[in-house]
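> I have a structure here, written as structure tokens, and I will follow up with some questions on it.
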Amino acid sequence: MEKKECRMFRSDTAYLLYLRQQKSLPSKEEIKRQTEKKKDILLYKGACQKCGISCVSRFKHQIGSTDIDLSNSCLNKLELLAILYTIKNISKCLVHGEILKTIVAALLTSQVRTLDVGKNNIQDRDNKMVALLINHKTLKELYLSHNKLETRNTRPIELSFASSSLEILDLSWNCIRFTGAVDISRGLMRNKSLLRLNLSWNGFGFEGCVALAEMLKSNNILTELDLTNNRIHPPALIALIRGLAQNKTLKLLNLSLNPIPASYSCILFGNILQNTSLNHLILKKMVVNGEFVELLRNVQQTRDVQVEFEKPLPVPSLDHQTMTNQVRAPWLFNLDPLALLFMLKEKNRAQDFFNKINRDGDNVLSYDEFKELFKRAGVPVSQLVLDKIIEFLDKNKDGSIDLSEFLDGDKRMKKITRGHAKENLRRESYTKYSRSFRKAKIDAKTFRLDIESNQ
């Protein structure tokens, strides 16, 4: 039988006083929070005594709160070291710029193994400090999510991976794309310790996937890779699969929320299941077709593999030829291959650029010479990119480009570039004042996207 408490009161006043006392008593959660706060304060005081410094009152008053502000604190190395002894999670503390430099300097002499500096507005100008954190000798887990790392000055991060001892790295929810994605992927090629890498909610896209594929071919350490919502369309996934097929250590791959239509799922995801060592593929919020589900059942009969997806749809799979024709469409590249070629031209004359590419001096440009050009520039490109460039320049379709064809292509490219600039200017001037919303419609049979203006 359940026991119930029974109280007797001499008057209504006594009863009201009792109720008031009950309301003022702290809850169990509040008592627990206060106890943990007292422990952290004692830990902080002990750390300050160990470092031979006085407690920083501004930080001491913030102990126990969810958001700690360390910006504009003018703290020295010992004061920051005492704070890091107390809290390993300094996310949402606004520690970027000069304060981040001081923290890195303080960490050089510490034995910290886990550090969370997420949500601190860390930007590209802080990349040298980020590189020092990655290169820390005792640090095993580093969380840099929800910052503003993008594409500039990522070379120090690339170099830091070679001697890093990190096992877990979280770079999710940044703006890493283009050259930033390429530099990070290159650095991972020389890494010998990283086991789990989270790159979700960035913009690796096609260029990043080509670089990641090169990394996966040589990396034999990485076991988990998260590429959720990284603008990975079918051509980008095809490039990534080439690296996955040669990797033997990766066991978990997360491709959730990427624009892969259901009609592509059997060919692309089926290729991943049949030709890689993955045992867990995550496709959350993504649909597949019935043929992929049937292929998955057949694979599961031969080995242990798990796939998470939204639901199967009654959509037929594309044949290889149709898929090849669609993925070669120019709008599927994040950066147009022709624009990529003429970016390397910089301010050179067209004839000088031709001579630069023509290494053997036969006055004819070949497929291998274009490939060598991008390799020297440090830009990873796939066969699809090179095919598109040669197709544009080769007017007589003989498979090679002479000087007259190259000069003609240069003129046509300048016209196209000017047209694109005018179109972008027109769109920006229109959308600046327009209140209309863009409505996306997906055809139920072809799953092609049609964008219309909703007047």
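Here's how to read the names in the structure tokens: chain A, B, ... by the order shown, residue numbers from 1 in each chain, ligand numbers from 1 in the order shown.
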Which region 224-243 of chain A residues have any atom within 12 Å of an atom of region 145-169 of chain A, and for each, what is the nearest pair of atoms with distance in Å to one decimal, counting only C-alpha atoms, rows sorted by chain and number, as JSON lines?


{"residue": "A:Glu224", "atom": "CA", "partner": "A:Ile168", "partner_atom": "CA", "distance": 9.5}
{"residue": "A:Leu225", "atom": "CA", "partner": "A:Leu169", "partner_atom": "CA", "distance": 10.2}
{"residue": "A:Asp226", "atom": "CA", "partner": "A:Leu169", "partner_atom": "CA", "distance": 10.8}

> Give me, as number ranges by chain, all polymer residues having an atom no more than 7 Å from Glu291 (chain A), counting only C-alpha atoms and skipping those fewer than 3 positions away in the same chain.

A: 266, 294-295

> Could you dump the residues just selected with N, CA and C atoms as a compact mmCIF listing (two decimals), in the first residue's frame?


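Saved file again_39.txt follows:
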# COMPACT_ATOMS: atom_id res chain seq x y z
N CYS A 266 19.94 3.17 -56.64
CA CYS A 266 20.37 1.78 -56.85
C CYS A 266 21.78 1.73 -57.42
N GLU A 294 15.89 -4.05 -52.65
CA GLU A 294 16.14 -5.44 -53.02
C GLU A 294 17.64 -5.75 -53.05
N LEU A 295 18.42 -4.82 -53.58
CA LEU A 295 19.88 -5.01 -53.61
C LEU A 295 20.45 -5.06 -52.19

> Between CA of Ala262 (chain A) and CA of Val288 (chain A), what is the distance in Å, rounded to a tenth?

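These atoms are spaced 4.4 Å apart.
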
> Mind checking DSSP for region 122-160 of chain A and telling me the alpha helix (DSSP H) residues as a ChimeraX atom specification?

/A:127-134,155-160

> Taking only C-alpha atoms into account, which of A:Gly203, A:Arg242, A:Thr322, A:Ile134 comes nearest Gly187 (chain A)?

A:Ile134

> If we count only C-alpha atoms and set the cut-off at 10 Å, which residues sit around Ser110 (chain A), ignoring sequence neighbours fewer than 4 positions away in its own chain? Please answer as a VMD selection string.

chain A and resid 81 84 to 85 104 to 106 136 to 139

> Write the residues of the selection above to a file with N, CA and C atoms, as a PDB file, in the first residue's frame.


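See out_20.pdb below for the written result:
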ATOM      1  N   LEU A  81      44.930  29.041 -18.012  1.00  0.00           N
ATOM      2  CA  LEU A  81      45.224  27.650 -17.701  1.00  0.00           C
ATOM      3  C   LEU A  81      44.390  27.176 -16.516  1.00  0.00           C
ATOM      4  N   LEU A  84      40.912  26.520 -17.764  1.00  0.00           N
ATOM      5  CA  LEU A  84      40.835  25.274 -18.527  1.00  0.00           C
ATOM      6  C   LEU A  84      40.908  24.049 -17.627  1.00  0.00           C
ATOM      7  N   TYR A  85      41.552  24.168 -16.466  1.00  0.00           N
ATOM      8  CA  TYR A  85      41.516  23.074 -15.494  1.00  0.00           C
ATOM      9  C   TYR A  85      40.095  22.874 -14.965  1.00  0.00           C
ATOM     10  N   VAL A 104      45.711  29.200 -26.696  1.00  0.00           N
ATOM     11  CA  VAL A 104      46.627  28.257 -27.351  1.00  0.00           C
ATOM     12  C   VAL A 104      47.989  28.276 -26.671  1.00  0.00           C
ATOM     13  N   ALA A 105      48.478  29.467 -26.344  1.00  0.00           N
ATOM     14  CA  ALA A 105      49.770  29.576 -25.652  1.00  0.00           C
ATOM     15  C   ALA A 105      49.719  28.898 -24.287  1.00  0.00           C
ATOM     16  N   ALA A 106      48.568  29.021 -23.599  1.00  0.00           N
ATOM     17  CA  ALA A 106      48.429  28.378 -22.292  1.00  0.00           C
ATOM     18  C   ALA A 106      48.369  26.862 -22.425  1.00  0.00           C
ATOM     19  N   HIS A 136      48.401  19.906 -31.296  1.00  0.00           N
ATOM     20  CA  HIS A 136      48.721  19.735 -29.878  1.00  0.00           C
ATOM     21  C   HIS A 136      49.053  18.267 -29.598  1.00  0.00           C
ATOM     22  N   LYS A 137      50.090  18.018 -28.823  1.00  0.00           N
ATOM     23  CA  LYS A 137      50.616  16.667 -28.651  1.00  0.00           C
ATOM     24  C   LYS A 137      49.722  15.754 -27.820  1.00  0.00           C
ATOM     25  N   THR A 138      49.019  16.297 -26.812  1.00  0.00           N
ATOM     26  CA  THR A 138      48.205  15.437 -25.939  1.00  0.00           C
ATOM     27  C   THR A 138      46.714  15.500 -26.257  1.00  0.00           C
ATOM     28  N   LEU A 139      46.295  16.450 -27.069  1.00  0.00           N
ATOM     29  CA  LEU A 139      44.866  16.628 -27.370  1.00  0.00           C
ATOM     30  C   LEU A 139      44.366  15.472 -28.237  1.00  0.00           C
TER      31      LEU A 139
END

> Between A:Gln62, A:Gln301, A:Gln21, A:Asn254, which is the closest to Leu283 (chain A) once you count only C-alpha atoms?

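Between A:Gln62, A:Gln301, A:Gln21, A:Asn254, the residue approaching Leu283 (chain A) most closely is A:Asn254.
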
> Can you tell me how far CA of Asn279 (chain A) sits from CA of Leu227 (chain A), in Å to one decimal?

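Those two atoms sit 16.2 Å apart.
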
> Pick out the residues sitting within 12 Å of Ile41 (chain A), and hand them over as a ChimeraX atom specification; count only C-alpha atoms, and ignore anything fewer than 2 positions along from it in its own chain.

/A:34-39,43-48,55-57,59-64,82-83,85-87

> Please, could you write that set of residues out with N, CA and C atoms as a PDB file, in the first residue's frame?


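So the final result, stored in part-v6.pdb, reads:
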ATOM      1  N   GLN A  34      23.454  23.558  -7.862  1.00  0.00           N
ATOM      2  CA  GLN A  34      24.203  24.329  -6.878  1.00  0.00           C
ATOM      3  C   GLN A  34      25.380  23.530  -6.329  1.00  0.00           C
ATOM      4  N   THR A  35      25.167  22.205  -6.126  1.00  0.00           N
ATOM      5  CA  THR A  35      26.251  21.340  -5.632  1.00  0.00           C
ATOM      6  C   THR A  35      27.394  21.270  -6.631  1.00  0.00           C
ATOM      7  N   GLU A  36      27.041  21.112  -7.932  1.00  0.00           N
ATOM      8  CA  GLU A  36      28.075  21.060  -8.962  1.00  0.00           C
ATOM      9  C   GLU A  36      28.801  22.391  -9.084  1.00  0.00           C
ATOM     10  N   LYS A  37      28.066  23.490  -8.906  1.00  0.00           N
ATOM     11  CA  LYS A  37      28.684  24.815  -8.968  1.00  0.00           C
ATOM     12  C   LYS A  37      29.708  24.981  -7.854  1.00  0.00           C
ATOM     13  N   LYS A  38      29.362  24.545  -6.633  1.00  0.00           N
ATOM     14  CA  LYS A  38      30.288  24.649  -5.500  1.00  0.00           C
ATOM     15  C   LYS A  38      31.539  23.816  -5.752  1.00  0.00           C
ATOM     16  N   LYS A  39      31.346  22.613  -6.346  1.00  0.00           N
ATOM     17  CA  LYS A  39      32.504  21.761  -6.655  1.00  0.00           C
ATOM     18  C   LYS A  39      33.413  22.444  -7.681  1.00  0.00           C
ATOM     19  N   LEU A  43      37.241  23.595  -7.305  1.00  0.00           N
ATOM     20  CA  LEU A  43      38.236  23.135  -8.276  1.00  0.00           C
ATOM     21  C   LEU A  43      39.001  24.309  -8.872  1.00  0.00           C
ATOM     22  N   TYR A  44      38.271  25.394  -9.158  1.00  0.00           N
ATOM     23  CA  TYR A  44      38.906  26.580  -9.726  1.00  0.00           C
ATOM     24  C   TYR A  44      39.858  27.232  -8.717  1.00  0.00           C
ATOM     25  N   LYS A  45      39.438  27.311  -7.449  1.00  0.00           N
ATOM     26  CA  LYS A  45      40.310  27.884  -6.422  1.00  0.00           C
ATOM     27  C   LYS A  45      41.585  27.058  -6.269  1.00  0.00           C
ATOM     28  N   GLY A  46      41.435  25.724  -6.315  1.00  0.00           N
ATOM     29  CA  GLY A  46      42.608  24.858  -6.215  1.00  0.00           C
ATOM     30  C   GLY A  46      43.544  25.041  -7.393  1.00  0.00           C
ATOM     31  N   ALA A  47      42.960  25.209  -8.622  1.00  0.00           N
ATOM     32  CA  ALA A  47      43.779  25.421  -9.814  1.00  0.00           C
ATOM     33  C   ALA A  47      44.531  26.747  -9.732  1.00  0.00           C
ATOM     34  N   CYS A  48      43.859  27.786  -9.188  1.00  0.00           N
ATOM     35  CA  CYS A  48      44.513  29.090  -9.030  1.00  0.00           C
ATOM     36  C   CYS A  48      45.663  29.008  -8.025  1.00  0.00           C
ATOM     37  N   CYS A  55      42.098  34.371  -8.019  1.00  0.00           N
ATOM     38  CA  CYS A  55      40.930  34.004  -8.818  1.00  0.00           C
ATOM     39  C   CYS A  55      40.436  35.215  -9.612  1.00  0.00           C
ATOM     40  N   VAL A  56      40.009  34.965 -10.828  1.00  0.00           N
ATOM     41  CA  VAL A  56      39.410  36.009 -11.663  1.00  0.00           C
ATOM     42  C   VAL A  56      37.934  36.088 -11.302  1.00  0.00           C
ATOM     43  N   SER A  57      37.536  37.172 -10.676  1.00  0.00           N
ATOM     44  CA  SER A  57      36.167  37.275 -10.164  1.00  0.00           C
ATOM     45  C   SER A  57      35.130  37.216 -11.277  1.00  0.00           C
ATOM     46  N   PHE A  59      35.189  35.469 -14.025  1.00  0.00           N
ATOM     47  CA  PHE A  59      34.935  34.075 -14.377  1.00  0.00           C
ATOM     48  C   PHE A  59      34.283  33.326 -13.218  1.00  0.00           C
ATOM     49  N   LYS A  60      34.713  33.597 -11.989  1.00  0.00           N
ATOM     50  CA  LYS A  60      34.199  32.896 -10.816  1.00  0.00           C
ATOM     51  C   LYS A  60      32.692  33.085 -10.682  1.00  0.00           C
ATOM     52  N   HIS A  61      32.195  34.304 -10.984  1.00  0.00           N
ATOM     53  CA  HIS A  61      30.760  34.571 -10.873  1.00  0.00           C
ATOM     54  C   HIS A  61      29.967  33.869 -11.985  1.00  0.00           C
ATOM     55  N   GLN A  62      30.640  33.516 -13.086  1.00  0.00           N
ATOM     56  CA  GLN A  62      29.939  32.872 -14.200  1.00  0.00           C
ATOM     57  C   GLN A  62      29.942  31.346 -14.113  1.00  0.00           C
ATOM     58  N   ILE A  63      30.689  30.781 -13.177  1.00  0.00           N
ATOM     59  CA  ILE A  63      30.739  29.324 -13.036  1.00  0.00           C
ATOM     60  C   ILE A  63      29.333  28.788 -12.746  1.00  0.00           C
ATOM     61  N   GLY A  64      28.940  27.770 -13.491  1.00  0.00           N
ATOM     62  CA  GLY A  64      27.611  27.182 -13.331  1.00  0.00           C
ATOM     63  C   GLY A  64      26.609  27.656 -14.359  1.00  0.00           C
ATOM     64  N   ALA A  82      44.209  28.030 -15.503  1.00  0.00           N
ATOM     65  CA  ALA A  82      43.372  27.688 -14.353  1.00  0.00           C
ATOM     66  C   ALA A  82      41.911  27.507 -14.770  1.00  0.00           C
ATOM     67  N   ILE A  83      41.448  28.346 -15.708  1.00  0.00           N
ATOM     68  CA  ILE A  83      40.075  28.215 -16.210  1.00  0.00           C
ATOM     69  C   ILE A  83      39.905  26.901 -16.960  1.00  0.00           C
ATOM     70  N   TYR A  85      41.552  24.168 -16.466  1.00  0.00           N
ATOM     71  CA  TYR A  85      41.516  23.074 -15.494  1.00  0.00           C
ATOM     72  C   TYR A  85      40.095  22.874 -14.965  1.00  0.00           C
ATOM     73  N   THR A  86      39.340  23.972 -14.885  1.00  0.00           N
ATOM     74  CA  THR A  86      37.991  23.923 -14.299  1.00  0.00           C
ATOM     75  C   THR A  86      36.961  23.452 -15.306  1.00  0.00           C
ATOM     76  N   ILE A  87      36.974  24.025 -16.520  1.00  0.00           N
ATOM     77  CA  ILE A  87      35.995  23.655 -17.550  1.00  0.00           C
ATOM     78  C   ILE A  87      36.740  23.275 -18.823  1.00  0.00           C
TER      79      ILE A  87
END

> Select, from A:Gly361, A:Leu17, A:Glu79, A:Phe292, the residue with the minimum atom-to-atom distance to Thr102 (chain A), counting only C-alpha atoms.

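Among the listed residues, the smallest separation from Thr102 (chain A) belongs to A:Glu79.
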
> Please give the complete set of residues from region 78-325 of chain A that DSSP, run on the backbone, assigns to strand (DSSP E or B), formatted as a ChimeraX atom specification.

/A:89,114-116,123,141-143,148,168-170,177,196-198,203,224-226,252-254,280-289,306-313

> Could you check the closest approach to Glu214 (chain A) for each of A:Val307, A:Leu188, A:Leu365, A:Ile416 and tell me which residue wins, using only C-alpha atoms?

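With only C-alpha atoms as the atom set, the closest residue is A:Leu188.
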